[in-house]
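**Student:** Structure file start-v8.cif (mmCIF, C-alpha atoms and all ligand atoms) is given on the next line.
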```
data_work
#
loop_
_atom_site.label_atom_id
_atom_site.label_comp_id
_atom_site.auth_asym_id
_atom_site.auth_seq_id
_atom_site.Cartn_x
_atom_site.Cartn_y
_atom_site.Cartn_z
CA MET A 63 52.54 11.40 -21.96
CA VAL A 64 50.67 14.60 -22.58
CA ASP A 65 51.18 16.47 -25.81
CA LEU A 66 52.45 19.63 -24.13
CA LYS A 67 52.70 21.63 -27.33
CA ARG A 68 49.08 20.97 -28.12
CA ARG A 69 47.95 21.74 -24.58
CA THR A 70 49.86 24.97 -24.62
CA PHE A 71 48.25 25.87 -27.91
CA LEU A 72 44.83 25.13 -26.53
CA GLN A 73 45.40 27.10 -23.35
CA HIS A 74 46.88 30.12 -25.05
CA SER A 75 44.62 30.25 -28.05
CA THR A 76 42.50 33.35 -28.23
CA VAL A 77 39.85 31.56 -30.21
CA GLY A 78 37.88 29.24 -28.02
CA LEU A 79 34.47 28.33 -26.80
CA ALA A 80 33.95 31.80 -25.45
CA THR A 81 33.99 33.20 -28.96
CA LEU A 82 31.06 30.96 -29.82
CA GLY A 83 28.94 32.40 -27.06
CA VAL A 84 28.56 30.19 -24.02
CA SER A 85 24.80 30.35 -24.21
CA GLY A 86 24.99 28.76 -27.65
CA LEU A 87 26.49 25.64 -26.14
CA ILE A 88 24.03 25.05 -23.33
CA LEU A 89 22.22 21.85 -24.19
CA ARG A 90 18.49 22.16 -24.43
CA CYS A 91 15.87 19.47 -24.66
CA ASP A 92 14.88 20.67 -28.10
CA ALA A 93 18.52 20.59 -29.21
CA GLN A 94 18.92 23.97 -30.80
CA PRO A 95 21.83 24.41 -33.20
CA THR A 96 24.80 26.50 -32.15
CA GLN A 97 25.98 29.59 -33.97
CA PRO A 98 26.95 28.78 -37.53
CA ILE A 99 30.63 28.11 -38.12
CA SER A 100 31.83 27.67 -41.64
CA ARG A 101 33.19 24.35 -42.75
CA ASP A 102 36.69 25.80 -43.03
CA ASN A 103 36.59 27.25 -39.52
CA ALA A 104 35.24 24.19 -37.78
CA ASP A 105 38.49 23.68 -35.85
CA GLN A 106 37.89 26.95 -34.02
CA ILE A 107 35.85 24.97 -31.54
CA LEU A 108 38.49 24.23 -28.93
CA ILE A 109 38.05 22.05 -25.89
CA GLN A 110 40.55 21.92 -23.04
CA MET A 111 40.97 18.63 -21.25
CA GLY A 112 43.31 17.16 -18.71
CA ALA A 113 45.59 14.21 -19.24
CA PRO A 114 44.08 10.71 -19.28
CA GLN A 115 44.48 8.77 -16.06
CA GLN A 116 46.23 5.90 -17.72
CA GLU A 117 48.46 5.34 -20.72
CA ILE A 118 46.44 4.03 -23.65
CA THR A 119 48.14 2.46 -26.64
CA PRO A 120 46.66 0.99 -29.81
CA LYS A 121 46.23 -2.77 -29.96
CA GLY A 122 47.74 -2.99 -33.42
CA GLU A 123 49.12 -0.80 -36.17
CA LEU A 124 47.15 2.42 -36.63
CA ARG A 125 45.60 2.48 -40.06
CA LYS A 126 44.94 5.74 -41.85
CA ILE A 127 41.27 6.23 -42.65
CA THR A 128 40.09 6.37 -46.25
CA PRO A 129 38.56 9.84 -46.73
CA GLN A 130 35.27 10.45 -48.50
CA PRO A 131 33.72 13.69 -49.77
CA TYR A 132 31.31 15.76 -47.70
CA GLY A 133 28.52 15.14 -50.20
CA PRO A 134 25.68 17.63 -50.66
CA PHE A 135 23.94 17.19 -47.31
CA TYR A 136 26.45 18.46 -44.77
CA ARG A 137 25.22 21.42 -42.72
CA THR A 138 27.19 23.42 -40.20
CA GLY A 139 25.93 24.15 -36.72
CA ALA A 140 24.46 20.79 -35.71
CA PRO A 141 23.65 20.60 -32.00
CA PHE A 142 26.13 19.15 -29.51
CA ARG A 143 24.54 15.98 -28.16
CA GLY A 144 25.18 12.26 -27.77
CA LYS A 145 21.89 11.33 -29.46
CA LEU A 146 21.66 11.99 -33.16
CA SER A 147 18.00 10.96 -33.43
CA LEU A 148 14.95 12.07 -31.50
CA PRO A 149 13.04 9.62 -29.31
CA GLY A 150 10.59 7.73 -31.48
CA GLU A 151 12.58 8.19 -34.68
CA PRO A 152 11.63 5.18 -36.86
CA GLY A 153 14.45 2.72 -37.44
CA THR A 154 16.75 0.36 -35.61
CA THR A 155 18.43 1.96 -32.62
CA PHE A 156 22.17 2.04 -33.24
CA VAL A 157 24.99 2.85 -30.84
CA LEU A 158 28.18 3.89 -32.61
CA SER A 159 31.37 4.24 -30.61
CA GLY A 160 35.11 4.33 -31.03
CA ARG A 161 38.29 6.18 -30.23
CA VAL A 162 40.16 8.93 -32.01
CA TRP A 163 43.90 8.36 -32.38
CA ALA A 164 46.77 10.61 -33.39
CA TYR A 165 48.77 8.96 -36.13
CA ASP A 166 51.98 10.79 -35.14
CA THR A 167 52.00 10.08 -31.39
CA LYS A 168 50.05 6.79 -31.51
CA ARG A 169 48.03 8.15 -28.58
CA PRO A 170 44.32 8.95 -28.12
CA LEU A 171 43.26 12.44 -29.16
CA PRO A 172 40.99 14.31 -26.72
CA GLY A 173 38.89 17.32 -27.62
CA VAL A 174 38.24 16.32 -31.23
CA VAL A 175 34.95 17.71 -32.53
CA LEU A 176 33.08 14.94 -34.34
CA ASP A 177 30.18 15.92 -36.57
CA PHE A 178 27.79 13.16 -37.75
CA TRP A 179 24.87 13.17 -40.21
CA HIS A 180 22.86 10.44 -41.89
CA VAL A 181 19.55 9.64 -43.62
CA ASP A 182 16.28 8.62 -42.03
CA MET A 183 14.09 5.67 -42.95
CA GLN A 184 12.54 7.71 -45.76
CA GLU A 185 15.99 8.00 -47.42
CA LYS A 186 16.04 11.68 -46.53
CA TYR A 187 18.41 14.00 -44.68
CA SER A 188 16.96 16.61 -42.35
CA ASP A 189 17.36 20.12 -43.70
CA GLY A 190 19.98 21.09 -41.10
CA VAL A 191 18.41 24.53 -40.78
CA THR A 192 15.19 24.12 -38.84
CA ASP A 193 15.39 20.36 -38.45
CA PHE A 194 18.49 18.60 -37.13
CA ARG A 195 17.19 15.04 -36.92
CA ASN A 196 19.96 12.51 -37.39
CA ARG A 197 22.65 15.14 -37.04
CA GLY A 198 24.85 15.99 -34.10
CA ARG A 199 28.27 16.88 -32.85
CA LEU A 200 30.18 15.75 -29.82
CA VAL A 201 33.70 15.90 -28.45
CA SER A 202 36.09 13.01 -27.89
CA SER A 203 36.87 12.40 -24.23
CA GLU A 204 40.20 12.64 -22.41
CA THR A 205 40.81 9.08 -23.61
CA GLY A 206 39.80 9.88 -27.18
CA GLN A 207 36.56 7.96 -26.78
CA TYR A 208 33.20 8.86 -28.31
CA GLU A 209 29.75 7.28 -28.34
CA VAL A 210 26.57 8.37 -30.11
CA GLU A 211 23.13 6.83 -30.30
CA GLY A 212 20.85 7.15 -33.28
CA ILE A 213 19.24 4.88 -35.81
CA ARG A 214 21.03 2.66 -38.29
CA PRO A 215 21.22 4.49 -41.63
CA ILE A 216 19.76 2.70 -44.64
CA PRO A 217 20.88 2.72 -48.29
CA TYR A 218 19.28 5.51 -50.29
CA ARG A 219 18.77 6.78 -53.81
CA PRO A 220 20.20 10.28 -54.19
CA ASN A 221 18.13 10.83 -57.33
CA PRO A 222 15.12 8.50 -57.18
CA THR A 223 13.38 9.97 -60.23
CA GLY A 224 16.37 10.69 -62.49
CA ALA A 225 18.48 7.65 -61.57
CA PRO A 226 16.26 5.25 -59.64
CA GLU A 227 18.74 2.39 -60.00
CA PHE A 228 21.60 4.24 -58.33
CA TRP A 229 21.87 3.41 -54.65
CA ARG A 230 24.30 4.72 -52.10
CA CYS A 231 25.37 2.12 -49.57
CA ALA A 232 24.23 2.77 -45.99
CA HIS A 233 26.56 5.16 -44.19
CA PHE A 234 27.17 7.57 -41.39
CA HIS A 235 28.83 10.73 -42.63
CA LEU A 236 31.48 12.09 -40.31
CA VAL A 237 33.90 14.99 -40.15
CA ALA A 238 36.50 15.16 -37.39
CA VAL A 239 38.38 18.38 -36.62
CA CYS A 240 41.14 19.05 -34.11
CA PRO A 241 43.67 21.89 -33.93
CA GLY A 242 47.05 20.80 -35.30
CA TYR A 243 45.53 17.91 -37.25
CA GLN A 244 44.14 17.59 -40.75
CA PRO A 245 40.35 17.55 -40.82
CA LEU A 246 39.08 14.12 -41.75
CA VAL A 247 35.89 13.76 -43.77
CA THR A 248 34.75 10.21 -44.27
CA GLU A 249 31.87 7.75 -44.26
CA ILE A 250 31.34 4.76 -42.01
CA HIS A 251 29.98 1.80 -43.95
CA PHE A 252 28.55 -1.56 -42.86
CA GLN A 253 29.92 -5.01 -43.46
CA GLY A 254 27.54 -7.08 -45.57
CA ASP A 255 25.59 -4.03 -46.73
CA ALA A 256 22.88 -4.83 -49.29
CA LYS A 257 24.19 -2.05 -51.55
CA LYS A 258 27.91 -2.60 -51.28
CA ASN A 259 28.16 -2.58 -55.05
CA ASP A 260 28.05 1.21 -54.64
CA PRO A 261 31.42 2.34 -56.12
CA MET A 262 31.96 4.49 -53.03
CA TYR A 263 31.72 1.50 -50.69
CA ARG A 264 35.00 0.95 -48.86
CA ALA A 265 35.48 -2.38 -47.11
CA GLU A 266 38.16 -0.82 -44.90
CA ASN A 267 35.59 1.71 -43.63
CA ALA A 268 32.95 -0.95 -42.96
CA ILE A 269 32.06 -1.81 -39.40
CA ALA A 270 30.83 -5.11 -38.01
CA VAL A 271 27.36 -4.88 -36.51
CA GLU A 272 26.48 -6.57 -33.27
CA GLU A 273 22.91 -7.14 -32.16
CA ARG A 274 22.24 -6.56 -28.45
CA ASN A 275 19.28 -7.14 -26.19
CA VAL A 276 19.40 -5.30 -22.89
CA ASN A 277 16.39 -5.40 -20.58
CA GLY A 278 14.21 -6.40 -23.51
CA LYS A 279 15.36 -3.50 -25.65
CA VAL A 280 16.91 -4.65 -28.93
CA PHE A 281 19.50 -2.46 -30.59
CA GLN A 282 22.65 -2.70 -32.69
CA THR A 283 26.19 -1.52 -32.05
CA GLY A 284 29.29 -0.83 -34.10
CA VAL A 285 32.80 0.41 -33.39
CA PHE A 286 34.79 2.73 -35.63
CA ASP A 287 38.16 4.15 -34.61
CA LEU A 288 39.45 7.31 -36.27
CA VAL A 289 43.04 8.24 -37.00
CA LEU A 290 44.01 11.85 -37.59
CA GLU A 291 47.21 13.04 -39.24
CA ARG A 292 49.23 16.10 -38.24
CA THR A 293 48.83 19.24 -40.27
CA ALA A 294 51.79 19.67 -42.59
CA LYS A 295 54.26 22.31 -41.35
FE FE B 301 25.04 10.40 -47.66
#
```
I'd like the structure from this file rewritten - as structure tokens, please.
Ligand SMILES: [Fe+2]
**Tutor:**
Amino acid sequence: MVDLKRRTFLQHSTVGLATLGVSGLILRCDAQPTQPISRDNADQILIQMGAPQQEITPKGELRKITPQPYGPFYRTGAPFRGKLSLPGEPGTTFVLSGRVWAYDTKRPLPGVVLDFWHVDMQEKYSDGVTDFRNRGRLVSSETGQYEVEGIRPIPYRPNPTGAPEFWRCAHFHLVAVCPGYQPLVTEIHFQGDAKKNDPMYRAENAIAVEERNVNGKVFQTGVFDLVLERTAK
């Protein structure tokens, strides 16, 4: 069943991709950022999609996601791409995938803009101005599915000189925005993380990691489903 109200909203909205400048969304090999959009206006990126070919229902009860703060390293305008890290980025290749669900309809949500950012192997975030390593946005598919490839984030010390003993657990940062739904800001953690004594560690946000070897290439995978709640009327 298609959410007709939402489709109508998307089709009739006067704020869409065109307002961003189509040229800003053409993918380039050097992954230039798009025009800056403020954090509060992130849901102005609208994607129109058709209905999924088959009915998709959750396997179990949909669980609301524990939110987390943005933290100090979020930057707007990350490039749209399925690879967060450049070729040759040091670290363990990691493929993160999942599906976005609507809590109200219990159906997949297409067209959700997902914005990821994480540290490199030096415990550093790229500046998000001239350097967008380990940052990227993409859009959930007509079946709510997403998949990104990057490196596995490592634990880091936010203040290595002032508080060298304070470690953040390893995490992907993520914000998900979709018209009609509350933006979700959260972190994806890892089961068995070496720094899970971090008070911000949330077992319910922790993914299982699977090691894969395909054609001699070793990498890791994890699955994290998102659940968005309707905006209050
Ligand atoms: Fe972080």
**Student:** As a quick test: using all atoms listed in the file, which residues lie no more than 7 Å away from ligand FE 301 (chain B)? Give them as a list in words.
**Tutor:** Gly133, Phe135, His180, Val181, His233 and His235 of chain A
**Student:** Within 12 Å of segment 216-222 of chain A, counting all atoms listed in the file, which residues qualify if same-chain residues fewer than 5 places away don't, as a PyMOL selection string?
**Tutor:** chain A and resi 133-135+152-154+156+180-187+227-234+251-252+255-260+263
**Student:** Which residue gives the smallest distance to Ser147 of chain A among A:Ala164, A:Val174, A:Ile213, A:Ala113, with only C-alpha atoms counted?
**Tutor:**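 Looking only at the distances to Ser147 of chain A, the closest residue turns out to be A:Ile213.
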**Student:** Residues at most 9 Å from Gln253 of chain A, counting only C-alpha atoms, excluding those fewer than 5 positions away in the same chain, as a list in words?
**Tutor:** Lys258, Ala265, Asn267, Ala268, Ile269, Ala270 and Val271 of chain A
**Student:** Between atom CA of Asn196 of chain A and atom CA of Phe178 of chain A, measure the distance and give it in Å to one decimal.
**Tutor:**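 Interatomic distance here is 7.9 Å.
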**Student:** Expressed in Å to a single decimal, how great is the separation between atom CA of Trp179 of chain A and atom CA of Gln130 of chain A?
**Tutor:**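 Here the two named atoms are 13.6 Å from each other.
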**Student:** What separation in Å, quoted to one decimal, exists between atom CA of Gln244 of chain A and atom CA of Leu171 of chain A?
**Tutor:**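 Separating atom CA of Gln244 of chain A from atom CA of Leu171 of chain A is a distance of 12.7 Å.
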**Student:** Within 10 Å of Ile127 of chain A, counting all atoms listed in the file, which residues show up once you throw out same-chain ones fewer than 6 positions away? Write them as a PyMOL selection string, please.
**Tutor:** chain A and resi 246-249+266-267+287-291
**Student:** Please determine, counting all atoms listed in the file, which residue among A:Val276, A:Met262, A:Val191, A:Val162 has the shortest atom-to-atom distance to Leu124 of chain A.
**Tutor:**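 Closest to Leu124 of chain A of all the choices is A:Val162.
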**Student:** Skipping near chain neighbours, those fewer than 6 positions away, what residues fall within 8 Å of Glu273 of chain A using all atoms listed in the file, listed as an mmCIF file with C-alpha atoms, in the frame of the given file?
**Tutor:**
```cif
data_model
loop_
_atom_site.group_PDB
_atom_site.id
_atom_site.type_symbol
_atom_site.label_atom_id
_atom_site.label_comp_id
_atom_site.auth_asym_id
_atom_site.auth_seq_id
_atom_site.Cartn_x
_atom_site.Cartn_y
_atom_site.Cartn_z
ATOM 1 C CA VAL A 280 16.910 -4.650 -28.930
ATOM 2 C CA PHE A 281 19.500 -2.460 -30.590
ATOM 3 C CA GLN A 282 22.650 -2.700 -32.690
ATOM 4 C CA THR A 283 26.190 -1.520 -32.050
#
```
**Student:** Would you mind telling me which residue in A:Arg137, A:Arg214, A:Arg292, A:Lys121 lies nearest to Ile250 of chain A when using only C-alpha atoms?
**Tutor:**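 Of A:Arg137, A:Arg214, A:Arg292, A:Lys121, the one nearest Ile250 of chain A, counting only C-alpha atoms, is A:Arg214.
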**Student:** Between A:Tyr243, A:Gly160, A:Lys168, A:Thr155, which one has atoms that come closest to Gly122 of chain A, using all atoms listed in the file?
**Tutor:**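 Using all atoms listed in the file, Gly122 of chain A sits closest to A:Lys168.
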**Student:** Calculated over only C-alpha atoms, which of the candidates A:Val175, A:Leu236, A:Val210, A:Ala140 has the smallest distance to Thr128 of chain A?
**Tutor:**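 Looking only at the distances to Thr128 of chain A, the closest residue turns out to be A:Leu236.
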**Student:** Restricting the calculation to only C-alpha atoms, which member of A:Pro131, A:Pro149, A:Gly173, A:Gly139 is positioned closest to Glu204 of chain A?
**Tutor:**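 Smallest separation from Glu204 of chain A among the options: A:Gly173.
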